[in-house]
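Okay, so here's the structure we're looking at.
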Amino acid sequence: MNIQWFVLFFSAAVVSATPLLLATLGELLSEESGNLNLGVEGMMYMGAVTGFTVGFMTENALLAVAAAAAAGSVGALIFGFLTITLRANQIVSGLTLTLFGTGFAGFVGTPIVGNKTPQVIIDTFTKIRIPLLGNIPIIGDIFFNQDLLIYFSYLLVLAAGLYLYHTRWGLNGRMVGENPAAADSLGISVTASRYAHALLGGALCGLGGGYLSLVYVPSWQDSMVAGRGWIAVALVIFSKWNPYKVILGALFFGGLDIIGFRLQRFDLPISTYFLDALPYLMTIMVLVIDTMRKDSFSKAPQALGASYFREER
Amino acid sequence: MVRVIQLPTCSLRRKVLIRTTAILSSLVFAGVLLLFLGHNPISVYGSILEGGLGSSYRFKETLTRMIPLALTSLGIGLSFRMKFWNIGGEGQIMMGAFGAAFVGLNYSHLPQPLVLTLMGLAGIICGGLWALLPAFLKVKYRTNETILTLMLNYVALKWITYIQYVAWRDPEAFGYPKIPNLESSAQLPRIFGIHIGIILVPLLVLFMYLFITYTKKGYEIRVIGENELTAQYAGMPVKKIILSTLFVSGGICGLVGMIQIAGVNRTLSIDVSNNVGYTAIIISWLAQLDAIAILAASFLFAVMVEGGSYIQTVYQIPQAAASLLQGLILFFVLGSEFFIKYQMVFTSKKAERLLLEATTEPIQE
């Protein structure tokens with residue numbers, strides 16, 4: 001394993017980490033205001049298939065990406081309407097959204113299975129080396145010789161951190177997630193805040209799905225999301241609801257995702273099917289190790305998963 | 001102005017009315033979507049019914065599809081009762097099928113009743129253990145069971161893929177990646193053209209109903225679902241109950257795996273669970289975990305799935321339309337719960353003011 005292999009591996013890990021990073025950030029924003037939306041997988045599917053279809057028909061990269069995000073938001077809107085307005089159980093609503101989104105992708109996607117992403121869009125998201133930063137040895141090759149959406153995801157992490165800890169809306173949203181009754185008594189609209197965060201989170205999940213179909217694969221394949229939405233849900237817990245720590249978790253799992261494929265040429269005495277199971281096994285390990293520590297859920301928003309009804313307090 | 005009032009109770013008649021309205025609304029909504037896609041919704045729905053029930057052959061196919069759906073829904077419904085969100089039915093079915101296939105492939109020289117019994121036991125044990133693992137982590141460390149059970153589905157899928165493509169691959173299958181077929185002694189006998197797994201369905205429905213309603217264990221499971229703390233204060237061994245219930249829940253799913261390979265597929269492959277584990281989640285929620293309602297809902301869904309594959313050939317509507325429709329139905333039913341718990345009251349401005357004056361005393365926290 002020489003240095004060149006190392007750089008190539010980590011550079012590819014950044015790419016496969018991006019859908020996870022986007023979806024995890026999305027779920028984190030949603031959870032901060034109290035929405036435990038387990039429909040991440042479904043929203044990613046909705047984003048992936050809608051982004052791909054729009055890109056396929058219009059050959060416009062921006063429209064495709066916007067459509068992916070919008071589709072994720074539509075999924076989140078269904079979730080929000082059910083859980084915020086109609087006060088349905090968040091867990092069951094999220095699970096249903098996952099089943100619905102997967103079905104939606106199968107329904108819309110079946111006629112176009114196997115089609116490639118238009119060349120114009122692939123060219124738009126080709127790797128671009130950033131001047132100066134890109135010239136740093138190793139680090140520059142790994143992080144700053146990537147595509148536009150990856151740079152955008154870096155900015156999103158910073159923006160999410162600033163938003164949650166340093167802006168009024170972000171802080172209000174977190175208060176709604178901690179104690180909706182207190183926020184309500186201060187005149188903060190619990191409903192508006194929860195809808196806003198759910199929709200924003202859904203858009204990022206949709207974008208993560210869109211990245212898969214438009215850039216990562218890049219074609220439409222059945223069962224493309226393959227559990228990434230669920231890994232994202234686990235990564236939120238792993239990162240302790242801290243947007244900056246999401247990067248670490250996403251990179252780790254991005255690396256695991258490709259390790260089976262990358263290690264094939266080394267003739268290891270282990271079947272690639274076991275290496276393919278690594279991301280899922282590691283998610284279990286990480287969750288268990290994390291919850292073994294006593295304080296693991298102390299960082300979770302206190303009202304996570306609970307509907308709020310003013311007259312019920 | 002609209003006011004939302006919480007209802008203390010809801011009559012059975014109102015509940016049934018609301019749920020029926022919800023299901024009908026979802027069908028109307030899906031019908032409008034079909035209209036936009038250029039299909040006549042009434043004839044599409046008609047074809048779904050025809051594809052699911054149209055002939056004696058199709059009816060038998062539908063019943064065969066209903067068997068795993070009903071059994072799995074009853075199985076995972078048991079864990080849902082405790083608010084343990086076991087969405088690992090898919091993996092539990094696969095691991096059960098794996099255990100059963102191991103017995104079926106290696107011990108087929110034994111008499112048929114013995115082989116089948118051993119296969120069933122192997123299925124129950126493997127599926128049960130696959131569910132016991134997340135249950136153990138949940139009671140020990142409070143690890144999120146939803147993610148655990150789902151991740152274990154993927155681990156099981158990769159395991160079966162390895163088994164099918166590498167470990168047990170049939171060398172005489174001309175390079176085709178498949179496991180050898182089960183001998184006839186390891187296959188379920190048939191009655192009226194349906195494998196005898198169907199007998200288990202009414203038996204398990206009856207058993208579940210009696211178990212949940214009348215036994216001490218069933219009562220304990222219900223109490224844990226209502227409030228775990230209450231159960232603890234009452235001195236129930238909560239952890240032990242969760243573990244044993246999850247073993248049974250996963251064991252039933254594992255038995256489904258055995259039934260599918262011994263009754264339908266005749267071999268083990270990655271298609272053994274065929275999304276049954278996921279569909280069963282919808283069914284048991286839709287049926288509000290009621291054993292008899294699960295039977296009805298499973299039949300309905302089996303008709304939809306069987307009819308779904310029929311409309312694919314007639315209208316070129318992708319088969320995923322069936323799961324889309326299932327998701328829609330559940331969305332509507334979930335939303336309709338609101339109208340069971342609450343009531344909307346429309347009041348005029350004047351009545352609103354009077355109400356405000358009447359309730360000027362401080363609100364108690």
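Residues in the structure tokens are numbered from 1 in each chain, the chains being A, B, ... in the order shown, and ligands are numbered from 1 in the order shown.
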
So that each row is one residue of chain A with an atom at most 7 Å from chain B, can you give its shortest atom pair and the distance in Å to one decimal, using only C-alpha atoms, rows by chain and rising number, as JSON lines?
```
{"residue": "A:Leu82", "atom": "CA", "partner": "B:Gly335", "partner_atom": "CA", "distance": 5.6}
{"residue": "A:Leu86", "atom": "CA", "partner": "B:Phe338", "partner_atom": "CA", "distance": 5.5}
{"residue": "A:Arg87", "atom": "CA", "partner": "B:Phe338", "partner_atom": "CA", "distance": 6.7}
{"residue": "A:Ala88", "atom": "CA", "partner": "B:Leu334", "partner_atom": "CA", "distance": 6.2}
{"residue": "A:Thr96", "atom": "CA", "partner": "B:Gly327", "partner_atom": "CA", "distance": 6.0}
{"residue": "A:Leu99", "atom": "CA", "partner": "B:Gly327", "partner_atom": "CA", "distance": 6.2}
{"residue": "A:Phe100", "atom": "CA", "partner": "B:Gly327", "partner_atom": "CA", "distance": 4.6}
{"residue": "A:Gly103", "atom": "CA", "partner": "B:Leu324", "partner_atom": "CA", "distance": 4.7}
{"residue": "A:Phe104", "atom": "CA", "partner": "B:Leu324", "partner_atom": "CA", "distance": 5.8}
{"residue": "A:Gly106", "atom": "CA", "partner": "B:Ala320", "partner_atom": "CA", "distance": 5.2}
{"residue": "A:Phe107", "atom": "CA", "partner": "B:Ala320", "partner_atom": "CA", "distance": 4.9}
{"residue": "A:Thr110", "atom": "CA", "partner": "B:Pro318", "partner_atom": "CA", "distance": 6.3}
{"residue": "A:Trp230", "atom": "CA", "partner": "B:Ile147", "partner_atom": "CA", "distance": 6.5}
{"residue": "A:Ala234", "atom": "CA", "partner": "B:Ile147", "partner_atom": "CA", "distance": 6.9}
{"residue": "A:Tyr273", "atom": "CA", "partner": "B:Tyr162", "partner_atom": "CA", "distance": 5.9}
{"residue": "A:Ala277", "atom": "CA", "partner": "B:Val155", "partner_atom": "CA", "distance": 5.6}
{"residue": "A:Tyr280", "atom": "CA", "partner": "B:Met151", "partner_atom": "CA", "distance": 5.3}
{"residue": "A:Leu281", "atom": "CA", "partner": "B:Val155", "partner_atom": "CA", "distance": 6.9}
{"residue": "A:Ile284", "atom": "CA", "partner": "B:Leu148", "partner_atom": "CA", "distance": 6.0}
{"residue": "A:Leu287", "atom": "CA", "partner": "B:Thr143", "partner_atom": "CA", "distance": 6.6}
{"residue": "A:Val288", "atom": "CA", "partner": "B:Thr143", "partner_atom": "CA", "distance": 6.0}
{"residue": "A:Thr291", "atom": "CA", "partner": "B:Thr143", "partner_atom": "CA", "distance": 5.8}
{"residue": "A:Met292", "atom": "CA", "partner": "B:Tyr141", "partner_atom": "CA", "distance": 5.5}
{"residue": "A:Arg313", "atom": "CA", "partner": "B:Glu365", "partner_atom": "CA", "distance": 6.6}
```

| task | Looking only at strand (DSSP E or B) from DSSP on the backbone, list the matching residues of segment 95-198 of chain B as a VMD selection string. | result | chain B and resid 190 to 191 194 to 195

I need the residues from that last selection saved to file as an mmCIF file, in the first residue's frame (with N, CA and C atoms), if you can.
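Below is the file that was written, out.cif:
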```cif
data_model
loop_
_atom_site.group_PDB
_atom_site.id
_atom_site.type_symbol
_atom_site.label_atom_id
_atom_site.label_comp_id
_atom_site.auth_asym_id
_atom_site.auth_seq_id
_atom_site.Cartn_x
_atom_site.Cartn_y
_atom_site.Cartn_z
ATOM 1 N N ARG B 190 -49.020 -30.714 -0.077
ATOM 2 C CA ARG B 190 -50.020 -29.736 -0.517
ATOM 3 C C ARG B 190 -51.428 -30.291 -0.310
ATOM 4 N N ILE B 191 -52.351 -29.354 -0.010
ATOM 5 C CA ILE B 191 -53.757 -29.734 -0.026
ATOM 6 C C ILE B 191 -54.514 -28.730 -0.885
ATOM 7 N N ILE B 194 -52.553 -25.933 -2.434
ATOM 8 C CA ILE B 194 -51.834 -24.951 -1.622
ATOM 9 C C ILE B 194 -51.012 -25.726 -0.601
ATOM 10 N N HIS B 195 -49.782 -25.272 -0.323
ATOM 11 C CA HIS B 195 -48.988 -26.031 0.645
ATOM 12 C C HIS B 195 -49.610 -25.910 2.037
#
```

Which residues are close to segment 120-125 of chain A, i.e. within 12 Å by only C-alpha atoms, leaving aside same-chain residues fewer than 5 positions away? Reply as a JSON list (two decimals) with all heavy atoms, in the first residue's frame.
```json
[["chain", "number", "residue", "atom", "x", "y", "z"],
["A", 15, "VAL", "N", -15.97, 10.96, -1.73],
["A", 15, "VAL", "CA", -17.10, 10.91, -2.66],
["A", 15, "VAL", "C", -18.23, 10.05, -2.09],
["A", 15, "VAL", "O", -19.38, 10.47, -2.06],
["A", 15, "VAL", "CB", -16.65, 10.36, -4.03],
["A", 15, "VAL", "CG1", -17.84, 10.22, -4.97],
["A", 15, "VAL", "CG2", -15.61, 11.27, -4.63],
["A", 51, "GLY", "N", -34.51, 13.55, -9.04],
["A", 51, "GLY", "CA", -33.35, 14.24, -9.58],
["A", 51, "GLY", "C", -32.90, 13.62, -10.88],
["A", 51, "GLY", "O", -32.64, 14.31, -11.87],
["A", 52, "PHE", "N", -32.85, 12.28, -10.88],
["A", 52, "PHE", "CA", -32.38, 11.60, -12.09],
["A", 52, "PHE", "C", -33.34, 11.83, -13.25],
["A", 52, "PHE", "O", -32.92, 12.14, -14.36],
["A", 52, "PHE", "CB", -32.23, 10.11, -11.84],
["A", 52, "PHE", "CG", -31.68, 9.37, -13.02],
["A", 52, "PHE", "CD1", -30.32, 9.33, -13.24],
["A", 52, "PHE", "CD2", -32.52, 8.77, -13.94],
["A", 52, "PHE", "CE1", -29.79, 8.70, -14.35],
["A", 52, "PHE", "CE2", -32.01, 8.13, -15.05],
["A", 52, "PHE", "CZ", -30.64, 8.09, -15.25],
["A", 54, "VAL", "N", -35.55, 14.25, -13.77],
["A", 54, "VAL", "CA", -35.51, 15.63, -14.27],
["A", 54, "VAL", "C", -34.20, 15.86, -15.03],
["A", 54, "VAL", "O", -34.20, 16.46, -16.11],
["A", 54, "VAL", "CB", -35.67, 16.63, -13.10],
["A", 54, "VAL", "CG1", -35.38, 18.04, -13.56],
["A", 54, "VAL", "CG2", -37.06, 16.54, -12.53],
["A", 55, "GLY", "N", -33.10, 15.37, -14.50],
["A", 55, "GLY", "CA", -31.82, 15.53, -15.19],
["A", 55, "GLY", "C", -31.82, 14.84, -16.53],
["A", 55, "GLY", "O", -31.32, 15.36, -17.53],
["A", 56, "PHE", "N", -32.42, 13.66, -16.56],
["A", 56, "PHE", "CA", -32.49, 12.86, -17.78],
["A", 56, "PHE", "C", -33.30, 13.58, -18.85],
["A", 56, "PHE", "O", -32.94, 13.58, -20.02],
["A", 56, "PHE", "CB", -33.13, 11.51, -17.43],
["A", 56, "PHE", "CG", -33.08, 10.50, -18.53],
["A", 56, "PHE", "CD1", -31.87, 9.99, -18.96],
["A", 56, "PHE", "CD2", -34.25, 10.04, -19.12],
["A", 56, "PHE", "CE1", -31.81, 9.04, -19.97],
["A", 56, "PHE", "CE2", -34.21, 9.10, -20.13],
["A", 56, "PHE", "CZ", -32.98, 8.60, -20.55],
["A", 57, "MET", "N", -34.38, 14.25, -18.44],
["A", 57, "MET", "CA", -35.26, 14.88, -19.42],
["A", 57, "MET", "C", -34.77, 16.27, -19.83],
["A", 57, "MET", "O", -34.88, 16.65, -20.99],
["A", 57, "MET", "CB", -36.69, 14.95, -18.87],
["A", 57, "MET", "CG", -37.32, 13.56, -18.77],
["A", 57, "MET", "SD", -39.08, 13.56, -18.44],
["A", 57, "MET", "CE", -39.23, 14.72, -17.13],
["A", 58, "THR", "N", -34.24, 17.05, -18.85],
["A", 58, "THR", "CA", -33.88, 18.43, -19.18],
["A", 58, "THR", "C", -32.39, 18.59, -19.49],
["A", 58, "THR", "O", -32.00, 19.60, -20.07],
["A", 58, "THR", "CB", -34.21, 19.36, -18.00],
["A", 58, "THR", "OG1", -33.41, 18.98, -16.89],
["A", 58, "THR", "CG2", -35.68, 19.27, -17.62],
["A", 59, "GLU", "N", -31.56, 17.63, -19.09],
["A", 59, "GLU", "CA", -30.11, 17.74, -19.22],
["A", 59, "GLU", "C", -29.59, 19.01, -18.58],
["A", 59, "GLU", "O", -28.65, 19.63, -19.05],
["A", 59, "GLU", "CB", -29.70, 17.67, -20.70],
["A", 59, "GLU", "CG", -30.26, 16.44, -21.40],
["A", 59, "GLU", "CD", -29.35, 15.95, -22.51],
["A", 59, "GLU", "OE1", -28.58, 16.76, -23.04],
["A", 59, "GLU", "OE2", -29.45, 14.76, -22.85],
["A", 60, "ASN", "N", -30.25, 19.44, -17.51],
["A", 60, "ASN", "CA", -29.84, 20.64, -16.80],
["A", 60, "ASN", "C", -29.46, 20.25, -15.37],
["A", 60, "ASN", "O", -30.28, 19.79, -14.59],
["A", 60, "ASN", "CB", -31.00, 21.64, -16.81],
["A", 60, "ASN", "CG", -30.65, 22.94, -16.13],
["A", 60, "ASN", "OD1", -29.88, 22.97, -15.16],
["A", 60, "ASN", "ND2", -31.19, 24.04, -16.65],
["A", 61, "ALA", "N", -28.18, 20.44, -15.05],
["A", 61, "ALA", "CA", -27.67, 19.98, -13.75],
["A", 61, "ALA", "C", -28.35, 20.68, -12.59],
["A", 61, "ALA", "O", -28.73, 20.05, -11.60],
["A", 61, "ALA", "CB", -26.16, 20.18, -13.69],
["A", 62, "LEU", "N", -28.52, 21.99, -12.72],
["A", 62, "LEU", "CA", -29.08, 22.76, -11.61],
["A", 62, "LEU", "C", -30.52, 22.34, -11.33],
["A", 62, "LEU", "O", -30.92, 22.13, -10.19],
["A", 62, "LEU", "CB", -29.01, 24.26, -11.93],
["A", 62, "LEU", "CG", -29.29, 25.17, -10.74],
["A", 62, "LEU", "CD1", -28.20, 25.01, -9.69],
["A", 62, "LEU", "CD2", -29.39, 26.62, -11.19],
["A", 63, "LEU", "N", -31.29, 22.20, -12.43],
["A", 63, "LEU", "CA", -32.69, 21.77, -12.28],
["A", 63, "LEU", "C", -32.76, 20.39, -11.63],
["A", 63, "LEU", "O", -33.59, 20.15, -10.74],
["A", 63, "LEU", "CB", -33.37, 21.71, -13.65],
["A", 63, "LEU", "CG", -34.07, 22.97, -14.15],
["A", 63, "LEU", "CD1", -34.73, 22.68, -15.50],
["A", 63, "LEU", "CD2", -35.13, 23.39, -13.14],
["A", 64, "ALA", "N", -31.87, 19.50, -12.05],
["A", 64, "ALA", "CA", -31.88, 18.13, -11.52],
["A", 64, "ALA", "C", -31.63, 18.14, -10.01],
["A", 64, "ALA", "O", -32.34, 17.49, -9.24],
["A", 64, "ALA", "CB", -30.84, 17.29, -12.24],
["A", 65, "VAL", "N", -30.61, 18.92, -9.61],
["A", 65, "VAL", "CA", -30.27, 18.97, -8.19],
["A", 65, "VAL", "C", -31.41, 19.60, -7.39],
["A", 65, "VAL", "O", -31.80, 19.11, -6.32],
["A", 65, "VAL", "CB", -28.95, 19.75, -8.00],
["A", 65, "VAL", "CG1", -28.71, 20.05, -6.54],
["A", 65, "VAL", "CG2", -27.79, 18.96, -8.56],
["A", 145, "ASN", "N", -9.79, 18.33, -4.41],
["A", 145, "ASN", "CA", -9.82, 18.00, -5.83],
["A", 145, "ASN", "C", -11.08, 17.17, -6.04],
["A", 145, "ASN", "O", -11.03, 15.99, -6.36],
["A", 145, "ASN", "CB", -8.56, 17.22, -6.22],
["A", 145, "ASN", "CG", -8.54, 16.91, -7.70],
["A", 145, "ASN", "OD1", -9.19, 17.59, -8.50],
["A", 145, "ASN", "ND2", -7.82, 15.87, -8.09],
["A", 146, "GLN", "N", -12.23, 17.82, -5.81],
["A", 146, "GLN", "CA", -13.51, 17.10, -5.83],
["A", 146, "GLN", "C", -14.52, 17.86, -6.67],
["A", 146, "GLN", "O", -14.19, 18.88, -7.28],
["A", 146, "GLN", "CB", -14.03, 16.93, -4.40],
["A", 146, "GLN", "CG", -13.12, 16.10, -3.50],
["A", 146, "GLN", "CD", -13.15, 14.61, -3.82],
["A", 146, "GLN", "OE1", -13.73, 14.19, -4.81],
["A", 146, "GLN", "NE2", -12.50, 13.82, -2.99],
["A", 147, "ASP", "N", -15.78, 17.38, -6.69],
["A", 147, "ASP", "CA", -16.78, 18.05, -7.53],
["A", 147, "ASP", "C", -17.52, 19.14, -6.75],
["A", 147, "ASP", "O", -17.38, 19.28, -5.54],
["A", 147, "ASP", "CB", -17.76, 17.02, -8.11],
["A", 147, "ASP", "CG", -18.52, 16.30, -7.03],
["A", 147, "ASP", "OD1", -19.28, 16.96, -6.30],
["A", 147, "ASP", "OD2", -18.38, 15.06, -6.92],
["A", 148, "LEU", "N", -18.31, 19.91, -7.50],
["A", 148, "LEU", "CA", -18.98, 21.09, -6.93],
["A", 148, "LEU", "C", -19.89, 20.75, -5.76],
["A", 148, "LEU", "O", -19.92, 21.46, -4.75],
["A", 148, "LEU", "CB", -19.81, 21.79, -8.02],
["A", 148, "LEU", "CG", -19.01, 22.57, -9.06],
["A", 148, "LEU", "CD1", -19.94, 23.05, -10.17],
["A", 148, "LEU", "CD2", -18.32, 23.75, -8.38],
["A", 149, "LEU", "N", -20.63, 19.64, -5.88],
["A", 149, "LEU", "CA", -21.56, 19.30, -4.81],
["A", 149, "LEU", "C", -20.84, 18.97, -3.51],
["A", 149, "LEU", "O", -21.35, 19.21, -2.42],
["A", 149, "LEU", "CB", -22.46, 18.13, -5.23],
["A", 149, "LEU", "CG", -23.71, 18.52, -6.02],
["A", 149, "LEU", "CD1", -24.44, 17.27, -6.49],
["A", 149, "LEU", "CD2", -24.63, 19.39, -5.20],
["A", 150, "ILE", "N", -19.64, 18.41, -3.65],
["A", 150, "ILE", "CA", -18.86, 18.09, -2.44],
["A", 150, "ILE", "C", -18.43, 19.38, -1.75],
["A", 150, "ILE", "O", -18.54, 19.51, -0.53],
["A", 150, "ILE", "CB", -17.66, 17.19, -2.79],
["A", 150, "ILE", "CG1", -18.19, 15.82, -3.21],
["A", 150, "ILE", "CG2", -16.69, 17.07, -1.62],
["A", 150, "ILE", "CD1", -17.14, 14.80, -3.51],
["A", 151, "TYR", "N", -17.97, 20.36, -2.56],
["A", 151, "TYR", "CA", -17.62, 21.65, -1.96],
["A", 151, "TYR", "C", -18.84, 22.28, -1.30],
["A", 151, "TYR", "O", -18.77, 22.87, -0.22],
["A", 151, "TYR", "CB", -17.03, 22.60, -3.02],
["A", 151, "TYR", "CG", -15.74, 22.09, -3.62],
["A", 151, "TYR", "CD1", -15.50, 22.14, -4.98],
["A", 151, "TYR", "CD2", -14.77, 21.53, -2.80],
["A", 151, "TYR", "CE1", -14.34, 21.65, -5.53],
["A", 151, "TYR", "CE2", -13.59, 21.02, -3.34],
["A", 151, "TYR", "CZ", -13.38, 21.08, -4.70],
["A", 151, "TYR", "OH", -12.22, 20.58, -5.23],
["A", 152, "PHE", "N", -19.97, 22.15, -1.98],
["A", 152, "PHE", "CA", -21.22, 22.68, -1.42],
["A", 152, "PHE", "C", -21.52, 22.00, -0.08],
["A", 152, "PHE", "O", -21.96, 22.66, 0.87],
["A", 152, "PHE", "CB", -22.35, 22.44, -2.42],
["A", 152, "PHE", "CG", -23.68, 22.98, -1.98],
["A", 152, "PHE", "CD1", -23.84, 24.33, -1.68],
["A", 152, "PHE", "CD2", -24.78, 22.14, -1.85],
["A", 152, "PHE", "CE1", -25.06, 24.82, -1.27],
["A", 152, "PHE", "CE2", -26.01, 22.63, -1.44],
["A", 152, "PHE", "CZ", -26.15, 23.97, -1.15],
["A", 210, "GLY", "N", -30.08, 12.49, -4.59],
["A", 210, "GLY", "CA", -29.77, 13.00, -5.93],
["A", 210, "GLY", "C", -28.29, 12.84, -6.25],
["A", 210, "GLY", "O", -27.91, 12.50, -7.37],
["A", 211, "TYR", "N", -27.45, 13.03, -5.24],
["A", 211, "TYR", "CA", -26.00, 12.88, -5.47],
["A", 211, "TYR", "C", -25.68, 11.44, -5.90],
["A", 211, "TYR", "O", -24.86, 11.22, -6.78],
["A", 211, "TYR", "CB", -25.22, 13.23, -4.19],
["A", 211, "TYR", "CG", -23.73, 13.25, -4.41],
["A", 211, "TYR", "CD1", -23.11, 14.37, -4.96],
["A", 211, "TYR", "CD2", -22.95, 12.15, -4.12],
["A", 211, "TYR", "CE1", -21.75, 14.39, -5.20],
["A", 211, "TYR", "CE2", -21.58, 12.15, -4.35],
["A", 211, "TYR", "CZ", -20.99, 13.27, -4.89],
["A", 211, "TYR", "OH", -19.64, 13.28, -5.14],
["A", 213, "SER", "N", -27.66, 9.28, -7.58],
["A", 213, "SER", "CA", -28.07, 8.92, -8.94],
["A", 213, "SER", "C", -27.41, 9.81, -9.99],
["A", 213, "SER", "O", -27.18, 9.37, -11.11],
["A", 213, "SER", "CB", -29.59, 8.98, -9.07],
["A", 213, "SER", "OG", -30.05, 10.28, -8.80],
["A", 214, "LEU", "N", -27.10, 11.07, -9.63],
["A", 214, "LEU", "CA", -26.58, 12.00, -10.64],
["A", 214, "LEU", "C", -25.06, 11.97, -10.73],
["A", 214, "LEU", "O", -24.50, 12.15, -11.80],
["A", 214, "LEU", "CB", -27.04, 13.43, -10.32],
["A", 214, "LEU", "CG", -28.53, 13.69, -10.49],
["A", 214, "LEU", "CD1", -28.92, 15.03, -9.90],
["A", 214, "LEU", "CD2", -28.91, 13.64, -11.96],
["A", 215, "VAL", "N", -24.38, 11.77, -9.61],
["A", 215, "VAL", "CA", -22.92, 11.90, -9.60],
["A", 215, "VAL", "C", -22.24, 10.59, -9.23],
["A", 215, "VAL", "O", -21.30, 10.16, -9.89],
["A", 215, "VAL", "CB", -22.47, 13.01, -8.61],
["A", 215, "VAL", "CG1", -20.98, 13.26, -8.75],
["A", 215, "VAL", "CG2", -23.26, 14.28, -8.85],
["A", 216, "TYR", "N", -22.70, 9.95, -8.18],
["A", 216, "TYR", "CA", -21.95, 8.83, -7.62],
["A", 216, "TYR", "C", -22.01, 7.60, -8.52],
["A", 216, "TYR", "O", -20.98, 7.00, -8.80],
["A", 216, "TYR", "CB", -22.49, 8.51, -6.22],
["A", 216, "TYR", "CG", -21.70, 7.47, -5.46],
["A", 216, "TYR", "CD1", -20.38, 7.70, -5.11],
["A", 216, "TYR", "CD2", -22.29, 6.27, -5.08],
["A", 216, "TYR", "CE1", -19.66, 6.75, -4.41],
["A", 216, "TYR", "CE2", -21.58, 5.32, -4.38],
["A", 216, "TYR", "CZ", -20.27, 5.56, -4.05],
["A", 216, "TYR", "OH", -19.56, 4.62, -3.35],
["A", 217, "VAL", "N", -23.22, 7.26, -8.98],
["A", 217, "VAL", "CA", -23.31, 5.98, -9.70],
["A", 217, "VAL", "C", -22.82, 6.02, -11.16],
["A", 217, "VAL", "O", -22.04, 5.14, -11.52],
["A", 217, "VAL", "CB", -24.76, 5.41, -9.56],
["A", 217, "VAL", "CG1", -24.90, 4.15, -10.41],
["A", 217, "VAL", "CG2", -25.01, 5.03, -8.10],
["A", 218, "PRO", "N", -23.04, 6.97, -12.02],
["A", 218, "PRO", "CA", -24.18, 7.85, -12.20],
["A", 218, "PRO", "C", -25.12, 7.30, -13.26],
["A", 218, "PRO", "O", -24.94, 7.52, -14.45],
["A", 218, "PRO", "CB", -23.52, 9.13, -12.72],
["A", 218, "PRO", "CG", -22.24, 8.65, -13.39],
["A", 218, "PRO", "CD", -22.00, 7.24, -12.98],
["A", 219, "SER", "N", -26.10, 6.58, -12.80],
["A", 219, "SER", "CA", -27.17, 6.09, -13.68],
["A", 219, "SER", "C", -28.30, 5.70, -12.75],
["A", 219, "SER", "O", -28.16, 5.80, -11.53],
["A", 219, "SER", "CB", -26.69, 4.87, -14.47],
["A", 219, "SER", "OG", -26.48, 3.78, -13.63]]
```

| task | Run DSSP on the backbone of this structure and report the residues of segment 122-338 of chain B it assigns to alpha helix (DSSP H), as a PyMOL selection string. | result | chain B and resi 122-141+145-162+197-214+216-226+228-233+238-260+276-286+291-315+321-338

| message | Can you pull out the residues contacting Leu275 of chain A? Cut-off 6 Å, using only C-alpha atoms, and skip same-chain residues under 3 positions away; I want them as a PyMOL selection string. | response | chain A and resi 260+272+278

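Here the question is which of B:Ile124, B:Ser108, B:Val28, B:Asn274 gets nearest to Met95 of chain B using only C-alpha atoms, and that residue is B:Ile124.
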
| task | Find the residues around Met175 of chain A up to 10 Å (only C-alpha atoms counted), leave out those fewer than 2 positions away in its own chain, and share them as a PyMOL selection string. | result | chain A and resi 32-34+169-173+177-184+188+190+193+301-303

| query | Quick one, how far is atom CA of Glu306 of chain B from atom CA of Glu61 of chain B? | reply | 7.5 Å

| remark: Min atom-atom distance to Ala76 of chain A from the set A:Arg194, A:Ile139, A:Val157, A:Leu22, counting only C-alpha atoms, belongs to A:Arg194

| field | Pairwise distance for atom CA of Pro41 of chain B and atom CA of Gly94 of chain A, rounded to one decimal in Å | value |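 A separation of 28.0 Å between them.
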
| note | Closest of B:Thr117, B:Ser273, B:Ser244, B:Ser43 to Leu188 of chain B, counting only C-alpha atoms, is B:Thr117

| request: Name the closest residue to Glu31 of chain A among the candidates A:Phe253, A:Phe143, A:Phe79, A:Trp241; distances are taken between atoms, counting only C-alpha atoms. | output: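 The shortest atom-to-atom distance to Glu31 of chain A comes from A:Trp241.
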